[in-house]
Amino acid sequence: MNLLQRFSDAFLKDINLGVLLINLDYQLADISDRACQMLALEREHILNKSLDDIFATVPSQHQLVQRSLLNGAIVRNHAVSWTNNQERFDLLLDSSVLKDSQGNIVGAYVIFKDVTNMRSLEQMVQRSDRLAMIGQIAAGTAHEIRNPLTSIKGFLQVFRRAFGERDMCKEQNFTDVMLEEIDRINALVNEFLLLSKPRHVAYEPILVSEVLRGMVPIIHNEAILYNVQLHYEASCHVPEVIADNELLKQVFLNVCKNGIEAMPDGGVLTISERVDTIERNVCVDIHDTGSGIPMFVIDKIFDPFFTTKDTGTGLGLSVCQRIIHDMGGTIRVGSKGFGTTFTISIPYT
Ligand SMILES: Nc1ncnc2c1ncn2[C@@H]1O[C@H](COP(=O)(O)OP(=O)(O)OP(=O)(O)O)[C@@H](O)[C@H]1O
Ligand SMILES: [Mg+2]
């Protein structure tokens, strides 16, 4: 083998690269192992078959290659999303023609790289940029909203008492409604402020089990409303993590609430703890048997204001993510087939 042959051989065997070689009849002349794996194809079944047949089920706008490739169309750094049965890949693709020594086109090649992790990193950076901006706006306006609310609330309480003394029940009920609504606005503003920068954060060694045990009655109350069963699977010898008790509660509550809300016809919410000794994390899995999250939604659920609920703010998960990231942890979601699992991982020392 000469050097050139060795080089092309190495190219096809490279575990990071997807390579397709295409002949003039638009048939697959060769394919690398990694490409087979990413595209979920079996080499023996597709060699020397027409690419039109191999990718017959893929809509034309999602095709990796077009026949025009053989006419000399050069593609550089083309980003494509590819979903095989199990996984989604973000691919960065180059393609061009192969010519013989006279300059006649004899075939074409396609090379692609899996950039899924890079893409999600990029998205994370964009997301935190956007969060920082929202945070700045929020911090500026939140206080301006809260101050007038405090005086409105104060005077309403005076009215309420006055109505009570005069037996004006109807009016008293109106003020009750108004006070409740003000509390809701306040809660929303507080959530906004958390987005900007959590105040009074008190990091201390904490046992996640203890936080969860304290939460179970509250989550249980919420679950009953939705006819949902709650299972809590504690684990022994879980090490302490450095975290803020109140913020951690907020995270568990938000994620559990989402799980419960995803099961309007009842179901089971399972909270389980485990220790990941390899990554040195304490992990809490929160699983629901709800409808699951569709593929096209799952990328957006951590975005601020993304909601599919009529009365949702869409801030729940973005606040959770912020809190957990600040503790050095991660929050991940898996939704395959039946139900959804959120995994919250917090590092221990
Ligand atoms: N367990 C789940 N099952 C199905 N979908 C979910 C689940 N958790 C989150 N989602 C989806 O993610 C979206 C965003 O969730 P997030 O908690 O950020 O906001 P929200 O629940 O819509 O509003 P809020 O938390 O302010 O009430 C939800 O609207 C829902 O579509
Ligand atoms: Mg929510």
# chains A, B, ... in the order shown; residues from 1 in each chain; ligands from 1
>>> residues_around(residues="Gly72 in chain A", least_positions_apart="4", cutoff="10 Å", atoms="only C-alpha atoms", output="list in words")
Arg67, Ser68, Ser95, Ser96, Val97, Leu98, Lys99, Ile105, Gly107 and Ala108 of chain A
>>> residues_near_ligand(ligand="ligand 2", cutoff="8 Å", atoms="only C-alpha atoms and all ligand atoms", output="PyMOL selection string")
chain A and resi 254-255+257-258+312-317
>>> write_last_selection(atoms="N, CA and C atoms", output="CSV table (one decimal), in the first residue's frame")
chain,number,residue,atom,x,y,z
A,254,ASN,N,-40.2,22.5,42.2
A,254,ASN,CA,-40.5,22.8,40.8
A,254,ASN,C,-40.6,21.6,39.9
A,255,VAL,N,-39.5,20.8,40.0
A,255,VAL,CA,-39.5,19.6,39.1
A,255,VAL,C,-40.6,18.6,39.4
A,257,LYS,N,-43.5,19.4,40.7
A,257,LYS,CA,-44.7,20.0,40.3
A,257,LYS,C,-44.9,19.8,38.8
A,258,ASN,N,-43.9,20.0,38.1
A,258,ASN,CA,-44.0,19.7,36.6
A,258,ASN,C,-44.4,18.3,36.3
A,312,GLY,N,-48.8,28.8,32.8
A,312,GLY,CA,-47.4,28.7,33.2
A,312,GLY,C,-46.7,29.9,32.9
A,313,THR,N,-45.6,30.2,33.7
A,313,THR,CA,-44.8,31.3,33.4
A,313,THR,C,-43.6,30.8,32.5
A,314,GLY,N,-43.3,29.6,32.6
A,314,GLY,CA,-42.1,29.1,31.9
A,314,GLY,C,-40.8,29.4,32.5
A,315,LEU,N,-40.9,29.8,33.8
A,315,LEU,CA,-39.6,30.2,34.5
A,315,LEU,C,-39.1,29.1,35.4
A,316,GLY,N,-40.0,28.1,35.7
A,316,GLY,CA,-39.7,27.1,36.7
A,316,GLY,C,-38.3,26.4,36.4
A,317,LEU,N,-38.2,25.8,35.2
A,317,LEU,CA,-37.0,25.1,34.9
A,317,LEU,C,-35.8,25.9,34.7
>>> residues_near_ligand(ligand="ligand 1", cutoff="10 Å", atoms="only C-alpha atoms and all ligand atoms", output="ChimeraX atom specification")
/A:188,191,251,253-263,269,286-294,297-321,333-335,339-342
>>> select_by_dssp(residues="range 225-332 of chain A", states="strand (DSSP E or B)", output="PDB file with all heavy atoms, in the first residue's frame")
ATOM      1  N   VAL A 228     -52.348  11.593  41.909  1.00  0.00           N
ATOM      2  CA  VAL A 228     -51.040  11.005  41.600  1.00  0.00           C
ATOM      3  C   VAL A 228     -50.492  10.320  42.850  1.00  0.00           C
ATOM      4  O   VAL A 228     -50.623  10.831  43.955  1.00  0.00           O
ATOM      5  CB  VAL A 228     -50.063  12.117  41.128  1.00  0.00           C
ATOM      6  CG1 VAL A 228     -48.624  11.643  41.169  1.00  0.00           C
ATOM      7  CG2 VAL A 228     -50.429  12.586  39.728  1.00  0.00           C
ATOM      8  N   GLN A 229     -49.892   9.142  42.642  1.00  0.00           N
ATOM      9  CA  GLN A 229     -49.250   8.440  43.757  1.00  0.00           C
ATOM     10  C   GLN A 229     -47.806   8.890  43.859  1.00  0.00           C
ATOM     11  O   GLN A 229     -47.151   9.087  42.839  1.00  0.00           O
ATOM     12  CB  GLN A 229     -49.225   6.951  43.483  1.00  0.00           C
ATOM     13  CG  GLN A 229     -50.526   6.259  43.772  1.00  0.00           C
ATOM     14  CD  GLN A 229     -50.362   4.772  43.552  1.00  0.00           C
ATOM     15  OE1 GLN A 229     -49.436   4.330  42.892  1.00  0.00           O
ATOM     16  NE2 GLN A 229     -51.271   4.017  44.106  1.00  0.00           N
ATOM     17  N   LEU A 230     -47.323   9.031  45.083  1.00  0.00           N
ATOM     18  CA  LEU A 230     -45.948   9.489  45.269  1.00  0.00           C
ATOM     19  C   LEU A 230     -45.118   8.370  45.887  1.00  0.00           C
ATOM     20  O   LEU A 230     -45.503   7.778  46.894  1.00  0.00           O
ATOM     21  CB  LEU A 230     -45.952  10.716  46.187  1.00  0.00           C
ATOM     22  CG  LEU A 230     -44.590  11.298  46.519  1.00  0.00           C
ATOM     23  CD1 LEU A 230     -43.930  11.847  45.286  1.00  0.00           C
ATOM     24  CD2 LEU A 230     -44.728  12.374  47.579  1.00  0.00           C
ATOM     25  N   HIS A 231     -43.993   8.045  45.246  1.00  0.00           N
ATOM     26  CA  HIS A 231     -43.051   7.080  45.825  1.00  0.00           C
ATOM     27  C   HIS A 231     -41.744   7.785  46.102  1.00  0.00           C
ATOM     28  O   HIS A 231     -41.216   8.448  45.219  1.00  0.00           O
ATOM     29  CB  HIS A 231     -42.769   5.932  44.858  1.00  0.00           C
ATOM     30  CG  HIS A 231     -43.939   5.027  44.686  1.00  0.00           C
ATOM     31  ND1 HIS A 231     -44.496   4.356  45.737  1.00  0.00           N
ATOM     32  CD2 HIS A 231     -44.651   4.692  43.590  1.00  0.00           C
ATOM     33  CE1 HIS A 231     -45.523   3.646  45.294  1.00  0.00           C
ATOM     34  NE2 HIS A 231     -45.647   3.840  43.988  1.00  0.00           N
ATOM     35  N   TYR A 232     -41.247   7.629  47.312  1.00  0.00           N
ATOM     36  CA  TYR A 232     -39.952   8.204  47.624  1.00  0.00           C
ATOM     37  C   TYR A 232     -39.004   7.078  48.004  1.00  0.00           C
ATOM     38  O   TYR A 232     -39.256   6.351  48.965  1.00  0.00           O
ATOM     39  CB  TYR A 232     -40.084   9.229  48.745  1.00  0.00           C
ATOM     40  CG  TYR A 232     -38.774   9.694  49.315  1.00  0.00           C
ATOM     41  CD1 TYR A 232     -37.709  10.022  48.468  1.00  0.00           C
ATOM     42  CD2 TYR A 232     -38.575   9.788  50.685  1.00  0.00           C
ATOM     43  CE1 TYR A 232     -36.502  10.430  48.983  1.00  0.00           C
ATOM     44  CE2 TYR A 232     -37.370  10.204  51.209  1.00  0.00           C
ATOM     45  CZ  TYR A 232     -36.339  10.516  50.349  1.00  0.00           C
ATOM     46  OH  TYR A 232     -35.131  10.912  50.868  1.00  0.00           O
ATOM     47  N   GLU A 233     -37.953   6.910  47.213  1.00  0.00           N
ATOM     48  CA  GLU A 233     -36.994   5.840  47.485  1.00  0.00           C
ATOM     49  C   GLU A 233     -35.708   6.456  48.013  1.00  0.00           C
ATOM     50  O   GLU A 233     -34.887   6.947  47.243  1.00  0.00           O
ATOM     51  CB  GLU A 233     -36.722   5.048  46.202  1.00  0.00           C
ATOM     52  CG  GLU A 233     -37.952   4.290  45.725  1.00  0.00           C
ATOM     53  CD  GLU A 233     -37.858   3.831  44.274  1.00  0.00           C
ATOM     54  OE1 GLU A 233     -36.769   3.981  43.671  1.00  0.00           O
ATOM     55  OE2 GLU A 233     -38.871   3.344  43.767  1.00  0.00           O
ATOM     56  N   VAL A 241     -23.663  17.272  50.519  1.00  0.00           N
ATOM     57  CA  VAL A 241     -23.264  18.162  49.424  1.00  0.00           C
ATOM     58  C   VAL A 241     -23.258  19.589  49.968  1.00  0.00           C
ATOM     59  O   VAL A 241     -23.849  19.863  51.002  1.00  0.00           O
ATOM     60  CB  VAL A 241     -24.248  18.085  48.224  1.00  0.00           C
ATOM     61  CG1 VAL A 241     -24.262  16.706  47.633  1.00  0.00           C
ATOM     62  CG2 VAL A 241     -25.650  18.515  48.631  1.00  0.00           C
ATOM     63  N   ILE A 242     -22.559  20.470  49.245  1.00  0.00           N
ATOM     64  CA  ILE A 242     -22.560  21.873  49.659  1.00  0.00           C
ATOM     65  C   ILE A 242     -23.655  22.569  48.852  1.00  0.00           C
ATOM     66  O   ILE A 242     -23.569  22.658  47.624  1.00  0.00           O
ATOM     67  CB  ILE A 242     -21.201  22.532  49.378  1.00  0.00           C
ATOM     68  CG1 ILE A 242     -20.064  21.752  50.034  1.00  0.00           C
ATOM     69  CG2 ILE A 242     -21.208  23.987  49.834  1.00  0.00           C
ATOM     70  CD1 ILE A 242     -20.063  21.783  51.543  1.00  0.00           C
ATOM     71  N   ALA A 243     -24.683  23.022  49.533  1.00  0.00           N
ATOM     72  CA  ALA A 243     -25.805  23.616  48.803  1.00  0.00           C
ATOM     73  C   ALA A 243     -26.594  24.538  49.710  1.00  0.00           C
ATOM     74  O   ALA A 243     -26.347  24.608  50.921  1.00  0.00           O
ATOM     75  CB  ALA A 243     -26.708  22.510  48.282  1.00  0.00           C
ATOM     76  N   ASP A 244     -27.530  25.256  49.119  1.00  0.00           N
ATOM     77  CA  ASP A 244     -28.417  26.110  49.900  1.00  0.00           C
ATOM     78  C   ASP A 244     -29.744  25.377  50.062  1.00  0.00           C
ATOM     79  O   ASP A 244     -30.401  25.018  49.084  1.00  0.00           O
ATOM     80  CB  ASP A 244     -28.615  27.433  49.158  1.00  0.00           C
ATOM     81  CG  ASP A 244     -29.561  28.369  49.883  1.00  0.00           C
ATOM     82  OD1 ASP A 244     -30.748  28.012  50.050  1.00  0.00           O
ATOM     83  OD2 ASP A 244     -29.119  29.452  50.284  1.00  0.00           O
ATOM     84  N   GLY A 267     -51.288   9.070  37.938  1.00  0.00           N
ATOM     85  CA  GLY A 267     -50.074   8.347  37.571  1.00  0.00           C
ATOM     86  C   GLY A 267     -49.195   8.193  38.785  1.00  0.00           C
ATOM     87  O   GLY A 267     -49.676   8.301  39.918  1.00  0.00           O
ATOM     88  N   VAL A 268     -47.921   7.958  38.554  1.00  0.00           N
ATOM     89  CA  VAL A 268     -47.003   7.740  39.664  1.00  0.00           C
ATOM     90  C   VAL A 268     -45.801   8.667  39.533  1.00  0.00           C
ATOM     91  O   VAL A 268     -45.208   8.761  38.458  1.00  0.00           O
ATOM     92  CB  VAL A 268     -46.496   6.269  39.684  1.00  0.00           C
ATOM     93  CG1 VAL A 268     -45.602   6.035  40.889  1.00  0.00           C
ATOM     94  CG2 VAL A 268     -47.660   5.298  39.674  1.00  0.00           C
ATOM     95  N   LEU A 269     -45.484   9.348  40.619  1.00  0.00           N
ATOM     96  CA  LEU A 269     -44.281  10.182  40.649  1.00  0.00           C
ATOM     97  C   LEU A 269     -43.282   9.486  41.568  1.00  0.00           C
ATOM     98  O   LEU A 269     -43.594   9.200  42.722  1.00  0.00           O
ATOM     99  CB  LEU A 269     -44.593  11.580  41.182  1.00  0.00           C
ATOM    100  CG  LEU A 269     -43.425  12.555  41.132  1.00  0.00           C
ATOM    101  CD1 LEU A 269     -43.280  13.130  39.725  1.00  0.00           C
ATOM    102  CD2 LEU A 269     -43.608  13.699  42.114  1.00  0.00           C
ATOM    103  N   THR A 270     -42.104   9.171  41.027  1.00  0.00           N
ATOM    104  CA  THR A 270     -41.102   8.470  41.825  1.00  0.00           C
ATOM    105  C   THR A 270     -39.878   9.348  42.019  1.00  0.00           C
ATOM    106  O   THR A 270     -39.297   9.833  41.053  1.00  0.00           O
ATOM    107  CB  THR A 270     -40.670   7.165  41.117  1.00  0.00           C
ATOM    108  OG1 THR A 270     -41.834   6.478  40.704  1.00  0.00           O
ATOM    109  CG2 THR A 270     -39.850   6.292  42.042  1.00  0.00           C
ATOM    110  N   ILE A 271     -39.523   9.550  43.289  1.00  0.00           N
ATOM    111  CA  ILE A 271     -38.311  10.319  43.595  1.00  0.00           C
ATOM    112  C   ILE A 271     -37.302   9.327  44.149  1.00  0.00           C
ATOM    113  O   ILE A 271     -37.597   8.645  45.137  1.00  0.00           O
ATOM    114  CB  ILE A 271     -38.590  11.390  44.662  1.00  0.00           C
ATOM    115  CG1 ILE A 271     -39.780  12.252  44.247  1.00  0.00           C
ATOM    116  CG2 ILE A 271     -37.370  12.251  44.902  1.00  0.00           C
ATOM    117  CD1 ILE A 271     -40.234  13.203  45.341  1.00  0.00           C
ATOM    118  N   SER A 272     -36.144   9.193  43.517  1.00  0.00           N
ATOM    119  CA  SER A 272     -35.159   8.267  44.075  1.00  0.00           C
ATOM    120  C   SER A 272     -33.778   8.901  44.120  1.00  0.00           C
ATOM    121  O   SER A 272     -33.405   9.688  43.252  1.00  0.00           O
ATOM    122  CB  SER A 272     -35.141   6.950  43.300  1.00  0.00           C
ATOM    123  OG  SER A 272     -35.209   7.197  41.919  1.00  0.00           O
ATOM    124  N   GLU A 273     -33.051   8.541  45.161  1.00  0.00           N
ATOM    125  CA  GLU A 273     -31.696   9.069  45.336  1.00  0.00           C
ATOM    126  C   GLU A 273     -30.699   7.989  44.985  1.00  0.00           C
ATOM    127  O   GLU A 273     -30.968   6.813  45.188  1.00  0.00           O
ATOM    128  CB  GLU A 273     -31.422   9.379  46.812  1.00  0.00           C
ATOM    129  CG  GLU A 273     -32.273  10.394  47.439  1.00  0.00           C
ATOM    130  CD  GLU A 273     -32.209  10.229  48.950  1.00  0.00           C
ATOM    131  OE1 GLU A 273     -31.256   9.603  49.462  1.00  0.00           O
ATOM    132  OE2 GLU A 273     -33.129  10.703  49.610  1.00  0.00           O
ATOM    133  N   ARG A 274     -29.554   8.413  44.487  1.00  0.00           N
ATOM    134  CA  ARG A 274     -28.454   7.465  44.313  1.00  0.00           C
ATOM    135  C   ARG A 274     -27.139   8.239  44.337  1.00  0.00           C
ATOM    136  O   ARG A 274     -27.131   9.461  44.216  1.00  0.00           O
ATOM    137  CB  ARG A 274     -28.609   6.654  43.030  1.00  0.00           C
ATOM    138  CG  ARG A 274     -28.512   7.451  41.775  1.00  0.00           C
ATOM    139  CD  ARG A 274     -29.004   6.665  40.572  1.00  0.00           C
ATOM    140  NE  ARG A 274     -29.397   7.618  39.556  1.00  0.00           N
ATOM    141  CZ  ARG A 274     -28.551   8.214  38.724  1.00  0.00           C
ATOM    142  NH1 ARG A 274     -27.257   7.937  38.776  1.00  0.00           N
ATOM    143  NH2 ARG A 274     -28.983   9.080  37.840  1.00  0.00           N
ATOM    144  N   VAL A 275     -26.051   7.494  44.524  1.00  0.00           N
ATOM    145  CA  VAL A 275     -24.745   8.132  44.548  1.00  0.00           C
ATOM    146  C   VAL A 275     -23.971   7.649  43.326  1.00  0.00           C
ATOM    147  O   VAL A 275     -23.882   6.451  43.085  1.00  0.00           O
ATOM    148  CB  VAL A 275     -23.980   7.764  45.835  1.00  0.00           C
ATOM    149  CG1 VAL A 275     -22.659   8.509  45.892  1.00  0.00           C
ATOM    150  CG2 VAL A 275     -24.819   8.092  47.050  1.00  0.00           C
ATOM    151  N   ASP A 276     -23.469   8.605  42.553  1.00  0.00           N
ATOM    152  CA  ASP A 276     -22.647   8.260  41.398  1.00  0.00           C
ATOM    153  C   ASP A 276     -21.192   8.407  41.847  1.00  0.00           C
ATOM    154  O   ASP A 276     -20.659   9.510  41.910  1.00  0.00           O
ATOM    155  CB  ASP A 276     -22.986   9.224  40.246  1.00  0.00           C
ATOM    156  CG  ASP A 276     -22.111   9.007  39.034  1.00  0.00           C
ATOM    157  OD1 ASP A 276     -21.126   8.240  39.139  1.00  0.00           O
ATOM    158  OD2 ASP A 276     -22.403   9.601  37.980  1.00  0.00           O
ATOM    159  N   ASN A 281     -21.128  12.418  42.331  1.00  0.00           N
ATOM    160  CA  ASN A 281     -22.340  13.229  42.427  1.00  0.00           C
ATOM    161  C   ASN A 281     -23.383  12.533  43.279  1.00  0.00           C
ATOM    162  O   ASN A 281     -23.470  11.304  43.272  1.00  0.00           O
ATOM    163  CB  ASN A 281     -22.961  13.406  41.029  1.00  0.00           C
ATOM    164  CG  ASN A 281     -22.255  14.470  40.218  1.00  0.00           C
ATOM    165  OD1 ASN A 281     -21.760  15.445  40.775  1.00  0.00           O
ATOM    166  ND2 ASN A 281     -22.215  14.284  38.923  1.00  0.00           N
ATOM    167  N   VAL A 282     -24.152  13.336  43.985  1.00  0.00           N
ATOM    168  CA  VAL A 282     -25.388  12.808  44.568  1.00  0.00           C
ATOM    169  C   VAL A 282     -26.487  13.106  43.546  1.00  0.00           C
ATOM    170  O   VAL A 282     -26.637  14.244  43.106  1.00  0.00           O
ATOM    171  CB  VAL A 282     -25.710  13.499  45.905  1.00  0.00           C
ATOM    172  CG1 VAL A 282     -27.082  13.081  46.407  1.00  0.00           C
ATOM    173  CG2 VAL A 282     -24.647  13.167  46.923  1.00  0.00           C
ATOM    174  N   CYS A 283     -27.204  12.065  43.118  1.00  0.00           N
ATOM    175  CA  CYS A 283     -28.193  12.256  42.057  1.00  0.00           C
ATOM    176  C   CYS A 283     -29.601  11.996  42.590  1.00  0.00           C
ATOM    177  O   CYS A 283     -29.811  11.078  43.389  1.00  0.00           O
ATOM    178  CB  CYS A 283     -27.949  11.300  40.897  1.00  0.00           C
ATOM    179  SG  CYS A 283     -26.305  11.441  40.221  1.00  0.00           S
ATOM    180  N   VAL A 284     -30.519  12.816  42.154  1.00  0.00           N
ATOM    181  CA  VAL A 284     -31.927  12.597  42.481  1.00  0.00           C
ATOM    182  C   VAL A 284     -32.682  12.444  41.158  1.00  0.00           C
ATOM    183  O   VAL A 284     -32.638  13.335  40.308  1.00  0.00           O
ATOM    184  CB  VAL A 284     -32.491  13.773  43.290  1.00  0.00           C
ATOM    185  CG1 VAL A 284     -33.976  13.565  43.575  1.00  0.00           C
ATOM    186  CG2 VAL A 284     -31.731  13.941  44.582  1.00  0.00           C
ATOM    187  N   ASP A 285     -33.307  11.285  40.978  1.00  0.00           N
ATOM    188  CA  ASP A 285     -34.102  11.057  39.771  1.00  0.00           C
ATOM    189  C   ASP A 285     -35.566  11.303  40.109  1.00  0.00           C
ATOM    190  O   ASP A 285     -36.078  10.744  41.078  1.00  0.00           O
ATOM    191  CB  ASP A 285     -33.962   9.615  39.284  1.00  0.00           C
ATOM    192  CG  ASP A 285     -32.544   9.301  38.830  1.00  0.00           C
ATOM    193  OD1 ASP A 285     -32.010  10.091  38.040  1.00  0.00           O
ATOM    194  OD2 ASP A 285     -31.984   8.287  39.287  1.00  0.00           O
ATOM    195  N   ILE A 286     -36.202  12.143  39.307  1.00  0.00           N
ATOM    196  CA  ILE A 286     -37.626  12.400  39.517  1.00  0.00           C
ATOM    197  C   ILE A 286     -38.364  11.949  38.265  1.00  0.00           C
ATOM    198  O   ILE A 286     -38.221  12.547  37.198  1.00  0.00           O
ATOM    199  CB  ILE A 286     -37.867  13.888  39.835  1.00  0.00           C
ATOM    200  CG1 ILE A 286     -37.121  14.249  41.124  1.00  0.00           C
ATOM    201  CG2 ILE A 286     -39.365  14.181  39.977  1.00  0.00           C
ATOM    202  CD1 ILE A 286     -37.131  15.698  41.495  1.00  0.00           C
ATOM    203  N   HIS A 287     -39.068  10.849  38.419  1.00  0.00           N
ATOM    204  CA  HIS A 287     -39.693  10.221  37.245  1.00  0.00           C
ATOM    205  C   HIS A 287     -41.210  10.326  37.323  1.00  0.00           C
ATOM    206  O   HIS A 287     -41.792  10.116  38.366  1.00  0.00           O
ATOM    207  CB  HIS A 287     -39.274   8.751  37.177  1.00  0.00           C
ATOM    208  CG  HIS A 287     -39.951   7.990  36.083  1.00  0.00           C
ATOM    209  ND1 HIS A 287     -39.575   8.107  34.758  1.00  0.00           N
ATOM    210  CD2 HIS A 287     -40.991   7.138  36.105  1.00  0.00           C
ATOM    211  CE1 HIS A 287     -40.359   7.345  34.026  1.00  0.00           C
ATOM    212  NE2 HIS A 287     -41.227   6.744  34.810  1.00  0.00           N
ATOM    213  N   ASP A 288     -41.820  10.697  36.199  1.00  0.00           N
ATOM    214  CA  ASP A 288     -43.286  10.673  36.161  1.00  0.00           C
ATOM    215  C   ASP A 288     -43.750   9.763  35.038  1.00  0.00           C
ATOM    216  O   ASP A 288     -42.998   9.452  34.121  1.00  0.00           O
ATOM    217  CB  ASP A 288     -43.853  12.091  35.970  1.00  0.00           C
ATOM    218  CG  ASP A 288     -43.489  12.694  34.627  1.00  0.00           C
ATOM    219  OD1 ASP A 288     -43.987  12.207  33.607  1.00  0.00           O
ATOM    220  OD2 ASP A 288     -42.705  13.661  34.605  1.00  0.00           O
ATOM    221  N   THR A 330     -25.643  19.584  37.714  1.00  0.00           N
ATOM    222  CA  THR A 330     -26.337  19.587  36.418  1.00  0.00           C
ATOM    223  C   THR A 330     -27.766  19.095  36.613  1.00  0.00           C
ATOM    224  O   THR A 330     -28.065  18.369  37.563  1.00  0.00           O
ATOM    225  CB  THR A 330     -25.684  18.640  35.395  1.00  0.00           C
ATOM    226  OG1 THR A 330     -25.649  17.325  35.959  1.00  0.00           O
ATOM    227  CG2 THR A 330     -24.293  19.083  35.019  1.00  0.00           C
ATOM    228  N   ILE A 331     -28.611  19.506  35.678  1.00  0.00           N
ATOM    229  CA  ILE A 331     -29.978  18.991  35.679  1.00  0.00           C
ATOM    230  C   ILE A 331     -30.270  18.521  34.257  1.00  0.00           C
ATOM    231  O   ILE A 331     -30.088  19.262  33.304  1.00  0.00           O
ATOM    232  CB  ILE A 331     -30.969  20.050  36.219  1.00  0.00           C
ATOM    233  CG1 ILE A 331     -32.409  19.638  35.971  1.00  0.00           C
ATOM    234  CG2 ILE A 331     -30.730  21.418  35.698  1.00  0.00           C
ATOM    235  CD1 ILE A 331     -33.377  20.470  36.803  1.00  0.00           C
ATOM    236  N   ARG A 332     -30.610  17.239  34.135  1.00  0.00           N
ATOM    237  CA  ARG A 332     -30.781  16.643  32.811  1.00  0.00           C
ATOM    238  C   ARG A 332     -32.156  16.045  32.698  1.00  0.00           C
ATOM    239  O   ARG A 332     -32.772  15.681  33.691  1.00  0.00           O
ATOM    240  CB  ARG A 332     -29.786  15.495  32.623  1.00  0.00           C
ATOM    241  CG  ARG A 332     -28.384  15.984  32.591  1.00  0.00           C
ATOM    242  CD  ARG A 332     -27.518  15.129  31.723  1.00  0.00           C
ATOM    243  NE  ARG A 332     -26.334  15.915  31.400  1.00  0.00           N
ATOM    244  CZ  ARG A 332     -25.172  15.778  32.000  1.00  0.00           C
ATOM    245  NH1 ARG A 332     -25.031  14.866  32.840  1.00  0.00           N
ATOM    246  NH2 ARG A 332     -24.155  16.553  31.708  1.00  0.00           N
TER     247      ARG A 332
END
>>> atom_distance(atom1="CA of Leu248 in chain A", atom2="CA of Val211 in chain A")
7.7 Å
>>> residues_around(residues="Ile15 in chain A", least_positions_apart="3", cutoff="12 Å", atoms="only C-alpha atoms", output="list in words")
Ala10, Phe11, Leu12, Gly18, Val19, Ser32, Asp33, Arg34, Ala35, Cys36, Gln37, Met38, Phe112, Lys113 and Asp114 of chain A
>>> write_last_selection(atoms="N, CA and C atoms", output="PDB file, in the first residue's frame")
ATOM      1  N   ALA A  10      -6.975   4.946   6.664  1.00  0.00           N
ATOM      2  CA  ALA A  10      -7.053   5.489   8.020  1.00  0.00           C
ATOM      3  C   ALA A  10      -8.285   6.386   8.167  1.00  0.00           C
ATOM      4  N   PHE A  11      -8.589   7.092   7.089  1.00  0.00           N
ATOM      5  CA  PHE A  11      -9.744   7.986   7.079  1.00  0.00           C
ATOM      6  C   PHE A  11     -11.033   7.230   7.310  1.00  0.00           C
ATOM      7  N   LEU A  12     -11.147   6.108   6.618  1.00  0.00           N
ATOM      8  CA  LEU A  12     -12.374   5.312   6.732  1.00  0.00           C
ATOM      9  C   LEU A  12     -12.494   4.667   8.105  1.00  0.00           C
ATOM     10  N   GLY A  18     -17.381  10.386  10.026  1.00  0.00           N
ATOM     11  CA  GLY A  18     -18.283   9.638   9.166  1.00  0.00           C
ATOM     12  C   GLY A  18     -17.836   9.900   7.729  1.00  0.00           C
ATOM     13  N   VAL A  19     -17.622   8.848   6.960  1.00  0.00           N
ATOM     14  CA  VAL A  19     -17.193   9.035   5.572  1.00  0.00           C
ATOM     15  C   VAL A  19     -18.096   8.221   4.639  1.00  0.00           C
ATOM     16  N   SER A  32     -17.685   4.488   6.255  1.00  0.00           N
ATOM     17  CA  SER A  32     -16.895   4.190   7.454  1.00  0.00           C
ATOM     18  C   SER A  32     -17.791   3.618   8.554  1.00  0.00           C
ATOM     19  N   ASP A  33     -17.140   2.932   9.509  1.00  0.00           N
ATOM     20  CA  ASP A  33     -17.901   2.304  10.608  1.00  0.00           C
ATOM     21  C   ASP A  33     -18.679   3.340  11.402  1.00  0.00           C
ATOM     22  N   ARG A  34     -18.014   4.474  11.646  1.00  0.00           N
ATOM     23  CA  ARG A  34     -18.660   5.508  12.457  1.00  0.00           C
ATOM     24  C   ARG A  34     -19.922   6.040  11.759  1.00  0.00           C
ATOM     25  N   ALA A  35     -19.843   6.173  10.411  1.00  0.00           N
ATOM     26  CA  ALA A  35     -21.007   6.644   9.670  1.00  0.00           C
ATOM     27  C   ALA A  35     -22.155   5.643   9.804  1.00  0.00           C
ATOM     28  N   CYS A  36     -21.839   4.350   9.688  1.00  0.00           N
ATOM     29  CA  CYS A  36     -22.868   3.316   9.845  1.00  0.00           C
ATOM     30  C   CYS A  36     -23.544   3.447  11.207  1.00  0.00           C
ATOM     31  N   GLN A  37     -22.692   3.659  12.205  1.00  0.00           N
ATOM     32  CA  GLN A  37     -23.205   3.738  13.575  1.00  0.00           C
ATOM     33  C   GLN A  37     -24.116   4.958  13.749  1.00  0.00           C
ATOM     34  N   MET A  38     -23.659   6.118  13.285  1.00  0.00           N
ATOM     35  CA  MET A  38     -24.447   7.340  13.465  1.00  0.00           C
ATOM     36  C   MET A  38     -25.731   7.309  12.651  1.00  0.00           C
ATOM     37  N   PHE A 112     -18.349  13.727   7.582  1.00  0.00           N
ATOM     38  CA  PHE A 112     -19.041  14.491   8.628  1.00  0.00           C
ATOM     39  C   PHE A 112     -18.518  14.165  10.007  1.00  0.00           C
ATOM     40  N   LYS A 113     -18.674  15.127  10.880  1.00  0.00           N
ATOM     41  CA  LYS A 113     -18.215  15.008  12.262  1.00  0.00           C
ATOM     42  C   LYS A 113     -19.414  15.160  13.186  1.00  0.00           C
ATOM     43  N   ASP A 114     -19.378  14.428  14.291  1.00  0.00           N
ATOM     44  CA  ASP A 114     -20.443  14.561  15.282  1.00  0.00           C
ATOM     45  C   ASP A 114     -20.118  15.762  16.183  1.00  0.00           C
TER      46      ASP A 114
END
>>> closest_residue(among="A:Asn227, A:Leu247, A:Glu171, A:Leu149", to="His200 in chain A", atoms="only C-alpha atoms")
A:Leu247
